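This report refers to the structure that appears directly beneath it.
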Amino acid sequence: MQLVAENLVLERGNRKVANDVSFTLEGGSGLVLTGPNGSGKSTLLRALAGYLRPASGSVRILDVSGSNGGTGESCEVGEVCHFVGHLDGIKSHLTAAENLTFWATYLSDKADSGHSVAHRVYDALEVFALDALADIPAGYMSAGQKRRLGLARLLVAHRPLWLLDEPTVSLDTGSADILVKAINRHLRDGGMAIVATHLPLAIEPARGISLVRKEAQA
Amino acid sequence: MSAFLALLKRDLMLSVRQGGALGTALGFYMLVVTLLPLGLGQDLNLLSRIAPGILWIALLLAALLSLGRVFSSDHEDGTLDVLATGRMPLEMVVGAKALAHWISTGIPLALTAPVLGLMLNLDIAVYPLLMATMLVGTPAVSFIGAVGAALTLRSYRGGLLIALLVLPLYVPTLIFGMAAVNGLLGVSGTSAAMLILAALSLTSVVLCPFAAAAALRVQMQ
Amino acid sequence: MQTLTQRLANPTRFMELSGSVLPWIAGAAAVVIAYGLYLAFYVAPPDYQQGETARIMYIHVPCAWLAMAVYAMVAMSAFGFLVFRHPLADVSAKTAVPLGAAFTFLALVTGSLWGRPTWGTYWVWDARLTSVLILFFLYLGLMALRSSIEDDSLASKLTAILALVGIVMLPIIKFSVDFGNTLHQPASVLRVGGPTIDTAMLTPLLVMALGFTLMFVAMHFKAMRNEILRRRVRALQLAQVEKAQASQLAAAE
């Protein structure tokens, strides 16, 4: 499986945010986006996820490895990605387990049929050290715990591509390590991850792209 | 399909947990019906004659009140972004959420109508028909309303604007709903009006998700 | 500067074209309306039942015709904008809405002024009046939605979607209002100039309709030109802000 971005030009409110970005990401490798505020990291991730239609250029997933049927056809990125943005996507009136159970059912894929929903939810809670909070409404949790719950979504359903926008915000170092381990295991299993971050994260194997703020030319 | 059901179940669960939305809508419904006789005077004959109209209009206003939150709560906490990834098209997401709104608001409002009908001296023989028109017509209310809710997701006058956009679009539902009820009160054409009302509901169930999903997509950029 | 000129390329051609055509259309509108008014007041006979008041028709009917035609145009522009992403289509949709609302309002006011002597009341819940009133609300909705969203490109897209929803709903609303009306009252009193209309009255009516349409086209062109200029000013201001930011950044580094 391969993610191909070709000549992406992104505009936001009539302002160019990214100009002519091209890259290829192979299964089993990660990509780290760095750059100052306003350099277009979030916009690029949102475009990759398919929320933002690029002004020109294209993003495709090519199924070359044959792991998912191997038809060699391309498909929509939005259908095969996990997107974790600045907001957690957590309902405060539902408990941690209910939140994850919903996402596990909603996002589940053919590849997940081996494990039951309850099993996947329990595993994800355990990995992110939330098992003690399983029956607590998310509204009572701290910002860091909510963040971990949002990230636990990555593990309840299989998606080849993870798009993470500043995932370490409000995480302590221990929790950040858990996240990095989860990302690395995902990469070892042949997945892909694109992470926008300010902190250096030990993601292996990963390339980096550094975005610069586009300056207006006179 | 399991994704659709999961979303429907979650929305219904949330509306039960949060509780406030339905309570507010029902309270508003009762209040409108209470205020009208105070304004119109206590002529029981007049009230029983215009009761179906009062109940229908109050129902539209009450349903409208709860529509604002259909997408905005999911938009604010980032859930909408995640709902848009995955294999289920956004049109189906809209469908599931509008259906949840109908079940959690439309049906309870329709079922409350007879209680309020008592207060308006409405002929008891009309109750079944009145409730039937409301049950058949409220899907259109929820689905057309979903379009309004999607369009006003990021406007800073949400509630008021949604009323201005959506109420004119409720005109056909109101007219055919009233026509069906009036049929029993002694005019004619009940079954025709009822069939058209059903057609109206089905058409909105099919078409409105496309408009609402288009509006949501534009705003997720 | 490349992107800026690119963005304005197409509207520039429109500006040239409309600039040269506008005076002619405006002039033609003035002449045709003047001739139409002459016909309406001096040539056309008074209605044998309604007398002189029927002459309101020569203002009322063109307004009503434009109320509907302009909404159709708004919907077509909205479609063009959503499908072909043509910025000029959005300019057209945006500027036509207030004009359409104005004509709808005039149609309602002249209609009710005509109604007073004819039916003895300013307003009846006649099918035609009701549907024009709802059309007016749809126009108001379009304006309110656009003005309530800060991001201009987002506002354009959402308003376009609403315009298309409106054009789908309009026939249904019309049908429902007609249906509800036949239920309440028999054939309506409102008939434009009776079932058949005499040529002596039809000619001035058509001349006035043509004159009003020309007037709308001229006003629409003018409004579109203003809107394009407004957008240019905004683009220049944005460019200036970006330039200031860049120089600030360069100074900091």
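Each chain in the structure tokens gets a letter, A, B and so on, in the order shown; residues start at 1 in every chain, and ligands are counted from 1 in the order they appear.
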So which residues touch B:Met88 within 8 Å, counting only C-alpha atoms, skipping near sequence neighbours fewer than 3 positions away, as a PyMOL selection string? chain B and resi 3-4+84-85+92-93
Residue subset to file, keeping C-alpha atoms, as a PDB file, in the first residue's frame:
ATOM      1  CA  ALA B   3     -22.071   1.896  11.073  1.00  0.00           C
ATOM      2  CA  PHE B   4     -25.453   3.509  10.353  1.00  0.00           C
ATOM      3  CA  ALA B  84     -16.568  11.790   7.692  1.00  0.00           C
ATOM      4  CA  THR B  85     -13.665   9.323   7.468  1.00  0.00           C
ATOM      5  CA  MET B  92     -25.781   8.433   5.377  1.00  0.00           C
ATOM      6  CA  VAL B  93     -24.337  10.199   8.434  1.00  0.00           C
TER       7      VAL B  93
END
Name all residues at most 6 Å from stretch 45-49 of chain A (count only C-alpha atoms; drop same-chain ones fewer than 3 positions away) and give them as a PyMOL selection string. chain A and resi 42+52+77-78
Compute the set of chain B residues within 8 Å of chain C, using only C-alpha atoms, and express it as a VMD selection string. chain B and resid 151 to 152 154 to 157 161 164 to 165 168 to 169 171 to 172 175 to 176 179 187 211 214 to 215 218 to 219
Can you spit out the residues from that selection as a short mmCIF file (atom, residue, chain, number, x, y, z; two decimals), in the first residue's frame, using N, CA, C and O atoms?
data_model
loop_
_atom_site.label_atom_id
_atom_site.label_comp_id
_atom_site.auth_asym_id
_atom_site.auth_seq_id
_atom_site.Cartn_x
_atom_site.Cartn_y
_atom_site.Cartn_z
N LEU B 151 -26.68 24.06 7.05
CA LEU B 151 -26.30 25.33 6.41
C LEU B 151 -25.85 26.37 7.42
O LEU B 151 -25.02 27.22 7.13
N THR B 152 -26.42 26.33 8.63
CA THR B 152 -26.12 27.37 9.61
C THR B 152 -25.06 26.94 10.62
O THR B 152 -24.86 27.60 11.63
N ARG B 154 -21.90 27.11 10.84
CA ARG B 154 -20.85 28.03 11.24
C ARG B 154 -21.28 29.49 11.20
O ARG B 154 -20.45 30.38 11.23
N SER B 155 -22.59 29.75 11.11
CA SER B 155 -23.02 31.14 11.12
C SER B 155 -23.16 31.59 12.57
O SER B 155 -23.42 30.80 13.46
N TYR B 156 -22.97 32.87 12.81
CA TYR B 156 -23.00 33.31 14.20
C TYR B 156 -24.39 33.76 14.64
O TYR B 156 -24.55 34.36 15.67
N ARG B 157 -25.42 33.48 13.82
CA ARG B 157 -26.78 33.75 14.29
C ARG B 157 -27.61 32.48 14.29
O ARG B 157 -28.80 32.53 14.06
N LEU B 161 -31.51 32.31 12.48
CA LEU B 161 -31.35 32.13 11.05
C LEU B 161 -32.00 30.85 10.58
O LEU B 161 -32.66 30.81 9.54
N LEU B 164 -35.58 31.30 9.91
CA LEU B 164 -35.86 32.03 8.68
C LEU B 164 -35.66 31.15 7.44
O LEU B 164 -36.40 31.24 6.47
N LEU B 165 -34.64 30.29 7.49
CA LEU B 165 -34.36 29.44 6.32
C LEU B 165 -35.36 28.30 6.21
O LEU B 165 -35.78 27.94 5.11
N PRO B 168 -40.08 28.66 5.81
CA PRO B 168 -40.76 28.70 4.50
C PRO B 168 -40.80 27.33 3.83
O PRO B 168 -41.75 27.00 3.13
N LEU B 169 -39.76 26.51 4.10
CA LEU B 169 -39.73 25.19 3.48
C LEU B 169 -40.71 24.22 4.15
O LEU B 169 -41.00 23.16 3.61
N VAL B 171 -43.78 25.00 4.67
CA VAL B 171 -45.13 25.34 4.22
C VAL B 171 -45.90 24.14 3.64
O VAL B 171 -47.03 23.88 4.05
N PRO B 172 -45.28 23.38 2.71
CA PRO B 172 -46.03 22.25 2.17
C PRO B 172 -46.43 21.23 3.23
O PRO B 172 -47.57 20.76 3.25
N ILE B 175 -49.35 22.64 5.19
CA ILE B 175 -50.61 22.71 4.43
C ILE B 175 -51.22 21.33 4.25
O ILE B 175 -52.42 21.13 4.48
N PHE B 176 -50.38 20.34 3.87
CA PHE B 176 -50.96 19.01 3.64
C PHE B 176 -51.33 18.35 4.96
O PHE B 176 -52.32 17.60 5.03
N ALA B 179 -54.56 19.90 5.72
CA ALA B 179 -55.59 19.45 4.78
C ALA B 179 -56.10 18.07 5.18
O ALA B 179 -57.31 17.81 5.12
N VAL B 187 -64.59 18.45 5.44
CA VAL B 187 -64.45 18.95 4.07
C VAL B 187 -64.23 17.75 3.14
O VAL B 187 -65.14 16.99 2.91
N ALA B 211 -28.30 17.52 0.16
CA ALA B 211 -28.07 18.95 0.36
C ALA B 211 -27.32 19.19 1.66
O ALA B 211 -26.36 19.97 1.70
N ALA B 214 -23.71 18.12 1.42
CA ALA B 214 -22.93 19.09 0.63
C ALA B 214 -22.57 20.29 1.49
O ALA B 214 -21.42 20.77 1.48
N ALA B 215 -23.54 20.77 2.27
CA ALA B 215 -23.28 21.92 3.13
C ALA B 215 -22.23 21.59 4.19
O ALA B 215 -21.35 22.40 4.49
N VAL B 218 -18.60 21.44 2.70
CA VAL B 218 -18.03 22.76 2.45
C VAL B 218 -17.46 23.35 3.74
O VAL B 218 -16.45 24.03 3.73
N GLN B 219 -18.13 23.04 4.86
CA GLN B 219 -17.71 23.67 6.11
C GLN B 219 -16.64 22.91 6.85
O GLN B 219 -16.11 23.39 7.84
#
Which of stretch 31-214 of chain B counts as alpha helix (DSSP H) under DSSP, as a VMD selection string please? chain B and resid 31 to 40 44 to 67 69 to 76 79 to 84 90 to 101 107 to 119 127 to 151 158 to 166 171 to 184 190 to 214
For C:Ala44, find every residue with an atom within 12 Å (counting only C-alpha atoms), except residues of its own chain fewer than 3 positions away, and show them as an mmCIF file with N, CA and C atoms, in the first residue's frame.
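Ended up saving to around.cif:
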data_model
loop_
_atom_site.group_PDB
_atom_site.id
_atom_site.type_symbol
_atom_site.label_atom_id
_atom_site.label_comp_id
_atom_site.auth_asym_id
_atom_site.auth_seq_id
_atom_site.Cartn_x
_atom_site.Cartn_y
_atom_site.Cartn_z
ATOM 1 N N GLY C 36 -43.394 52.631 -22.559
ATOM 2 C CA GLY C 36 -44.375 51.755 -21.923
ATOM 3 C C GLY C 36 -45.312 52.532 -21.019
ATOM 4 N N LEU C 37 -44.757 53.491 -20.254
ATOM 5 C CA LEU C 37 -45.588 54.296 -19.360
ATOM 6 C C LEU C 37 -46.564 55.155 -20.157
ATOM 7 N N TYR C 38 -46.069 55.698 -21.284
ATOM 8 C CA TYR C 38 -46.941 56.493 -22.154
ATOM 9 C C TYR C 38 -48.108 55.632 -22.628
ATOM 10 N N LEU C 39 -47.766 54.421 -23.113
ATOM 11 C CA LEU C 39 -48.830 53.511 -23.569
ATOM 12 C C LEU C 39 -49.791 53.193 -22.437
ATOM 13 N N ALA C 40 -49.232 52.924 -21.265
ATOM 14 C CA ALA C 40 -50.049 52.477 -20.141
ATOM 15 C C ALA C 40 -51.016 53.562 -19.688
ATOM 16 N N PHE C 41 -50.551 54.809 -19.682
ATOM 17 C CA PHE C 41 -51.389 55.868 -19.124
ATOM 18 C C PHE C 41 -52.277 56.560 -20.156
ATOM 19 N N ASP C 47 -59.906 49.573 -17.689
ATOM 20 C CA ASP C 47 -60.620 48.311 -17.608
ATOM 21 C C ASP C 47 -62.108 48.596 -17.423
ATOM 22 N N TYR C 48 -62.961 47.803 -18.121
ATOM 23 C CA TYR C 48 -64.386 48.155 -18.073
ATOM 24 C C TYR C 48 -65.007 47.864 -16.707
ATOM 25 N N GLY C 51 -61.853 50.040 -13.976
ATOM 26 C CA GLY C 51 -61.575 51.442 -14.244
ATOM 27 C C GLY C 51 -60.086 51.729 -14.277
ATOM 28 N N GLU C 52 -59.723 52.908 -13.772
ATOM 29 C CA GLU C 52 -58.347 53.362 -13.890
ATOM 30 C C GLU C 52 -57.380 52.553 -13.032
ATOM 31 N N ALA C 54 -56.866 49.589 -12.746
ATOM 32 C CA ALA C 54 -56.239 48.450 -13.417
ATOM 33 C C ALA C 54 -54.884 48.815 -13.996
ATOM 34 N N ARG C 55 -54.626 50.105 -14.089
ATOM 35 C CA ARG C 55 -53.332 50.508 -14.668
ATOM 36 C C ARG C 55 -52.155 50.122 -13.761
ATOM 37 N N MET C 57 -51.558 47.359 -12.913
ATOM 38 C CA MET C 57 -51.089 46.128 -13.539
ATOM 39 C C MET C 57 -49.793 46.320 -14.314
ATOM 40 N N TYR C 58 -49.655 47.499 -14.963
ATOM 41 C CA TYR C 58 -48.476 47.689 -15.829
ATOM 42 C C TYR C 58 -47.188 47.795 -15.025
ATOM 43 N N ILE C 197 -57.138 38.827 -22.249
ATOM 44 C CA ILE C 197 -56.661 40.194 -22.171
ATOM 45 C C ILE C 197 -56.611 40.794 -23.558
ATOM 46 N N ASP C 198 -57.109 42.017 -23.652
ATOM 47 C CA ASP C 198 -57.216 42.681 -24.944
ATOM 48 C C ASP C 198 -55.852 43.143 -25.439
ATOM 49 N N THR C 199 -55.662 43.170 -26.751
ATOM 50 C CA THR C 199 -54.371 43.591 -27.315
ATOM 51 C C THR C 199 -54.018 45.006 -26.873
ATOM 52 N N ALA C 200 -55.022 45.850 -26.749
ATOM 53 C CA ALA C 200 -54.768 47.229 -26.359
ATOM 54 C C ALA C 200 -54.121 47.294 -24.977
ATOM 55 N N MET C 201 -54.395 46.288 -24.146
ATOM 56 C CA MET C 201 -53.770 46.250 -22.831
ATOM 57 C C MET C 201 -52.526 45.378 -22.836
ATOM 58 N N LEU C 202 -52.508 44.369 -23.722
ATOM 59 C CA LEU C 202 -51.390 43.434 -23.734
ATOM 60 C C LEU C 202 -50.115 44.108 -24.222
ATOM 61 N N THR C 203 -50.234 44.956 -25.274
ATOM 62 C CA THR C 203 -49.033 45.590 -25.825
ATOM 63 C C THR C 203 -48.293 46.419 -24.774
ATOM 64 N N PRO C 204 -48.978 47.355 -24.089
ATOM 65 C CA PRO C 204 -48.251 48.107 -23.055
ATOM 66 C C PRO C 204 -47.645 47.211 -21.988
ATOM 67 N N LEU C 205 -48.361 46.133 -21.655
ATOM 68 C CA LEU C 205 -47.866 45.214 -20.631
ATOM 69 C C LEU C 205 -46.550 44.580 -21.068
#
Test item: chain A residues at most 8 Å from chain B, counting only C-alpha atoms, as an mmCIF file with N, CA, C and O atoms, in the first residue's frame:
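Dumped everything to selection_12.cif:
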data_model
loop_
_atom_site.group_PDB
_atom_site.id
_atom_site.type_symbol
_atom_site.label_atom_id
_atom_site.label_comp_id
_atom_site.auth_asym_id
_atom_site.auth_seq_id
_atom_site.Cartn_x
_atom_site.Cartn_y
_atom_site.Cartn_z
ATOM 1 N N ARG A 46 -5.483 17.916 6.618
ATOM 2 C CA ARG A 46 -6.913 17.916 6.292
ATOM 3 C C ARG A 46 -7.134 17.646 4.806
ATOM 4 O O ARG A 46 -8.112 17.015 4.417
ATOM 5 N N ALA A 49 -6.683 13.944 4.277
ATOM 6 C CA ALA A 49 -7.838 13.181 4.751
ATOM 7 C C ALA A 49 -9.044 13.376 3.847
ATOM 8 O O ALA A 49 -10.024 12.660 3.962
ATOM 9 N N TYR A 51 -10.862 16.315 3.531
ATOM 10 C CA TYR A 51 -11.813 17.351 3.941
ATOM 11 C C TYR A 51 -11.706 18.569 3.049
ATOM 12 O O TYR A 51 -12.680 19.264 2.799
ATOM 13 N N LEU A 52 -10.493 18.827 2.616
ATOM 14 C CA LEU A 52 -10.223 20.047 1.864
ATOM 15 C C LEU A 52 -9.882 19.638 0.442
ATOM 16 O O LEU A 52 -8.978 18.840 0.227
ATOM 17 N N ARG A 53 -10.615 20.163 -0.495
ATOM 18 C CA ARG A 53 -10.322 19.797 -1.876
ATOM 19 C C ARG A 53 -9.146 20.630 -2.370
ATOM 20 O O ARG A 53 -9.192 21.849 -2.308
ATOM 21 N N GLY A 78 -9.833 9.098 2.532
ATOM 22 C CA GLY A 78 -10.736 9.226 3.675
ATOM 23 C C GLY A 78 -11.281 7.892 4.148
ATOM 24 O O GLY A 78 -11.560 7.705 5.328
ATOM 25 N N GLU A 79 -11.402 6.916 3.228
ATOM 26 C CA GLU A 79 -11.983 5.635 3.604
ATOM 27 C C GLU A 79 -11.022 4.745 4.367
ATOM 28 O O GLU A 79 -11.436 3.804 5.023
ATOM 29 N N VAL A 80 -9.725 5.017 4.254
ATOM 30 C CA VAL A 80 -8.762 4.101 4.863
ATOM 31 C C VAL A 80 -7.891 4.789 5.894
ATOM 32 O O VAL A 80 -6.846 4.263 6.261
ATOM 33 N N CYS A 81 -8.294 5.969 6.369
ATOM 34 C CA CYS A 81 -7.419 6.655 7.314
ATOM 35 C C CYS A 81 -8.088 6.872 8.664
ATOM 36 O O CYS A 81 -9.305 6.896 8.791
ATOM 37 N N HIS A 82 -7.247 6.979 9.677
ATOM 38 C CA HIS A 82 -7.659 7.508 10.973
ATOM 39 C C HIS A 82 -7.235 8.961 10.992
ATOM 40 O O HIS A 82 -6.090 9.267 10.652
ATOM 41 N N PHE A 83 -8.121 9.850 11.401
ATOM 42 C CA PHE A 83 -7.729 11.247 11.504
ATOM 43 C C PHE A 83 -7.877 11.682 12.955
ATOM 44 O O PHE A 83 -8.945 11.555 13.548
ATOM 45 N N VAL A 84 -6.790 12.166 13.541
ATOM 46 C CA VAL A 84 -6.867 12.723 14.892
ATOM 47 C C VAL A 84 -6.446 14.176 14.806
ATOM 48 O O VAL A 84 -5.283 14.476 14.520
ATOM 49 N N GLY A 85 -7.399 15.065 14.986
ATOM 50 C CA GLY A 85 -7.106 16.492 14.872
ATOM 51 C C GLY A 85 -6.895 17.126 16.230
ATOM 52 O O GLY A 85 -6.577 16.448 17.211
ATOM 53 N N HIS A 86 -7.129 18.432 16.277
ATOM 54 C CA HIS A 86 -6.936 19.143 17.551
ATOM 55 C C HIS A 86 -8.001 18.757 18.567
ATOM 56 O O HIS A 86 -7.798 18.872 19.756
ATOM 57 N N LEU A 87 -9.180 18.339 18.065
ATOM 58 C CA LEU A 87 -10.273 17.987 18.960
ATOM 59 C C LEU A 87 -10.326 16.471 19.093
ATOM 60 O O LEU A 87 -9.950 15.740 18.189
ATOM 61 N N ASP A 88 -10.814 16.008 20.249
ATOM 62 C CA ASP A 88 -10.695 14.587 20.556
ATOM 63 C C ASP A 88 -11.789 13.726 19.948
ATOM 64 O O ASP A 88 -11.627 12.519 19.818
ATOM 65 N N GLY A 89 -12.923 14.317 19.601
ATOM 66 C CA GLY A 89 -14.020 13.498 19.087
ATOM 67 C C GLY A 89 -14.598 12.599 20.170
ATOM 68 O O GLY A 89 -14.937 11.447 19.931
ATOM 69 N N ILE A 90 -14.697 13.155 21.377
ATOM 70 C CA ILE A 90 -15.173 12.375 22.527
ATOM 71 C C ILE A 90 -16.468 13.014 23.024
ATOM 72 O O ILE A 90 -16.568 14.231 23.123
ATOM 73 N N LYS A 91 -17.462 12.165 23.330
ATOM 74 C CA LYS A 91 -18.720 12.676 23.875
ATOM 75 C C LYS A 91 -18.651 12.620 25.390
ATOM 76 O O LYS A 91 -18.469 11.544 25.968
ATOM 77 N N HIS A 93 -20.923 12.827 27.576
ATOM 78 C CA HIS A 93 -22.015 12.133 28.266
ATOM 79 C C HIS A 93 -21.899 10.617 28.179
ATOM 80 O O HIS A 93 -22.679 9.909 28.788
ATOM 81 N N LEU A 94 -20.942 10.133 27.382
ATOM 82 C CA LEU A 94 -20.753 8.686 27.280
ATOM 83 C C LEU A 94 -19.510 8.296 28.065
ATOM 84 O O LEU A 94 -18.580 9.087 28.204
ATOM 85 N N PHE A 102 -18.524 2.788 20.323
ATOM 86 C CA PHE A 102 -19.155 3.420 19.164
ATOM 87 C C PHE A 102 -18.169 3.521 18.012
ATOM 88 O O PHE A 102 -18.468 3.120 16.888
ATOM 89 N N THR A 105 -17.409 0.181 16.363
ATOM 90 C CA THR A 105 -18.464 -0.304 15.470
ATOM 91 C C THR A 105 -18.527 0.547 14.219
ATOM 92 O O THR A 105 -18.658 0.048 13.103
ATOM 93 N N TYR A 106 -18.450 1.872 14.419
ATOM 94 C CA TYR A 106 -18.631 2.771 13.291
ATOM 95 C C TYR A 106 -17.496 2.628 12.282
ATOM 96 O O TYR A 106 -17.719 2.626 11.076
ATOM 97 N N LEU A 107 -16.272 2.518 12.796
ATOM 98 C CA LEU A 107 -15.112 2.536 11.896
ATOM 99 C C LEU A 107 -14.673 1.146 11.477
ATOM 100 O O LEU A 107 -13.714 1.014 10.726
ATOM 101 N N SER A 108 -15.356 0.090 11.959
ATOM 102 C CA SER A 108 -14.785 -1.242 11.778
ATOM 103 C C SER A 108 -14.704 -1.615 10.306
ATOM 104 O O SER A 108 -15.473 -1.166 9.466
#
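Between chain A and the candidates C:Asp126, C:Ala218, C:Glu16, C:Pro87, the tightest atom-to-atom separation, counting only C-alpha atoms, involves C:Pro87.
Atom to atom, atom CA of B:Pro139 and atom CA of B:Leu55 stand 16.6 Å apart.
Our summary of the geometry notes that atom CA of A:Pro54 is positioned 24.7 Å from atom CA of C:Gln240.
Checking C:Ala64, C:Met208, C:Val233, C:Leu82 one by one against C:Gly111, counting only C-alpha atoms, you find the shortest gap at C:Ala64.
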From a DSSP pass on the backbone, collect the residues of stretch 25-215 of chain A flagged as strand (DSSP E) and hand them back as a ChimeraX atom specification. /A:25-26,30-34,56-62,74-75,81-84,161-165,192-196,206-210
Between chain C and chain A, at 6 Å or less, what are the per-residue closest atom pairs and their distances in Å? Count only C-alpha atoms, order by chain and rising residue number, and return it as JSON lines.
{"residue": "C:Glu242", "atom": "CA", "partner": "A:Ala216", "partner_atom": "CA", "distance": 5.7}
{"residue": "C:Lys243", "atom": "CA", "partner": "A:Ala216", "partner_atom": "CA", "distance": 5.5}
{"residue": "C:Ala246", "atom": "CA", "partner": "A:Glu215", "partner_atom": "CA", "distance": 5.4}
Identify, on the basis of only C-alpha atoms, every residue whose closest approach to stretch 206-210 of chain B does not exceed 7 Å; exclude the query and any residue fewer than 4 positions from it along the same chain; express the result as an NGL selection string. :B and (91 or 94-95 or 143-144 or 147 or 202 or 214)
Output for the residues just chosen: all heavy atoms as a tab-separated table (two decimals), in the first residue's frame:
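The resulting file, out11.tsv, is shown below:
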chain	number	residue	atom	x	y	z
B	91	GLU	N	-23.68	11.47	3.42
B	91	GLU	CA	-25.13	11.50	3.24
B	91	GLU	C	-25.82	10.57	4.23
B	91	GLU	O	-26.87	10.88	4.78
B	91	GLU	CB	-25.51	11.10	1.81
B	91	GLU	CG	-25.27	12.17	0.76
B	91	GLU	CD	-23.81	12.27	0.34
B	91	GLU	OE1	-23.00	11.41	0.77
B	91	GLU	OE2	-23.47	13.21	-0.40
B	94	VAL	N	-25.76	12.03	7.73
B	94	VAL	CA	-26.87	12.97	7.88
B	94	VAL	C	-28.17	12.22	8.08
B	94	VAL	O	-28.98	12.55	8.95
B	94	VAL	CB	-26.98	13.88	6.62
B	94	VAL	CG1	-28.24	14.72	6.70
B	94	VAL	CG2	-25.76	14.77	6.51
B	95	GLY	N	-28.37	11.17	7.28
B	95	GLY	CA	-29.59	10.38	7.38
B	95	GLY	C	-29.76	9.81	8.78
B	95	GLY	O	-30.85	9.91	9.37
B	143	PHE	N	-35.94	16.07	8.44
B	143	PHE	CA	-34.95	16.00	7.35
B	143	PHE	C	-34.76	17.36	6.69
B	143	PHE	O	-33.63	17.74	6.37
B	143	PHE	CB	-35.34	14.92	6.33
B	143	PHE	CG	-34.88	13.55	6.73
B	143	PHE	CD1	-35.59	12.82	7.66
B	143	PHE	CD2	-33.72	13.00	6.21
B	143	PHE	CE1	-35.16	11.57	8.07
B	143	PHE	CE2	-33.28	11.74	6.60
B	143	PHE	CZ	-34.00	11.02	7.53
B	144	ILE	N	-35.85	18.11	6.46
B	144	ILE	CA	-35.69	19.46	5.90
B	144	ILE	C	-34.94	20.32	6.92
B	144	ILE	O	-34.05	21.10	6.56
B	144	ILE	CB	-37.05	20.08	5.56
B	144	ILE	CG1	-37.70	19.30	4.41
B	144	ILE	CG2	-36.90	21.55	5.17
B	144	ILE	CD1	-39.10	19.76	4.09
B	147	VAL	N	-31.21	20.09	6.81
B	147	VAL	CA	-30.55	20.93	5.80
B	147	VAL	C	-30.27	22.31	6.39
B	147	VAL	O	-29.16	22.85	6.28
B	147	VAL	CB	-31.41	21.07	4.53
B	147	VAL	CG1	-30.74	21.98	3.53
B	147	VAL	CG2	-31.65	19.71	3.92
B	202	LEU	N	-41.19	11.13	2.34
B	202	LEU	CA	-40.25	10.20	1.71
B	202	LEU	C	-39.27	10.95	0.82
B	202	LEU	O	-38.07	10.67	0.81
B	202	LEU	CB	-41.02	9.15	0.88
B	202	LEU	CG	-41.78	8.15	1.74
B	202	LEU	CD1	-42.60	7.22	0.85
B	202	LEU	CD2	-40.81	7.33	2.58
B	214	ALA	N	-23.71	18.12	1.42
B	214	ALA	CA	-22.93	19.09	0.63
B	214	ALA	C	-22.57	20.29	1.49
B	214	ALA	O	-21.42	20.77	1.48
B	214	ALA	CB	-23.73	19.53	-0.60
Contact residues around A:Asp131 with only C-alpha atoms at 8 Å, ignoring same-chain residues under 4 positions, as an MDAnalysis selection string: chainID A and resid 122 125:126
Pick from A:Glu6, A:Phe128, A:His115, A:Leu211: nearest to A:Leu171, with only C-alpha atoms counted? A:Phe128
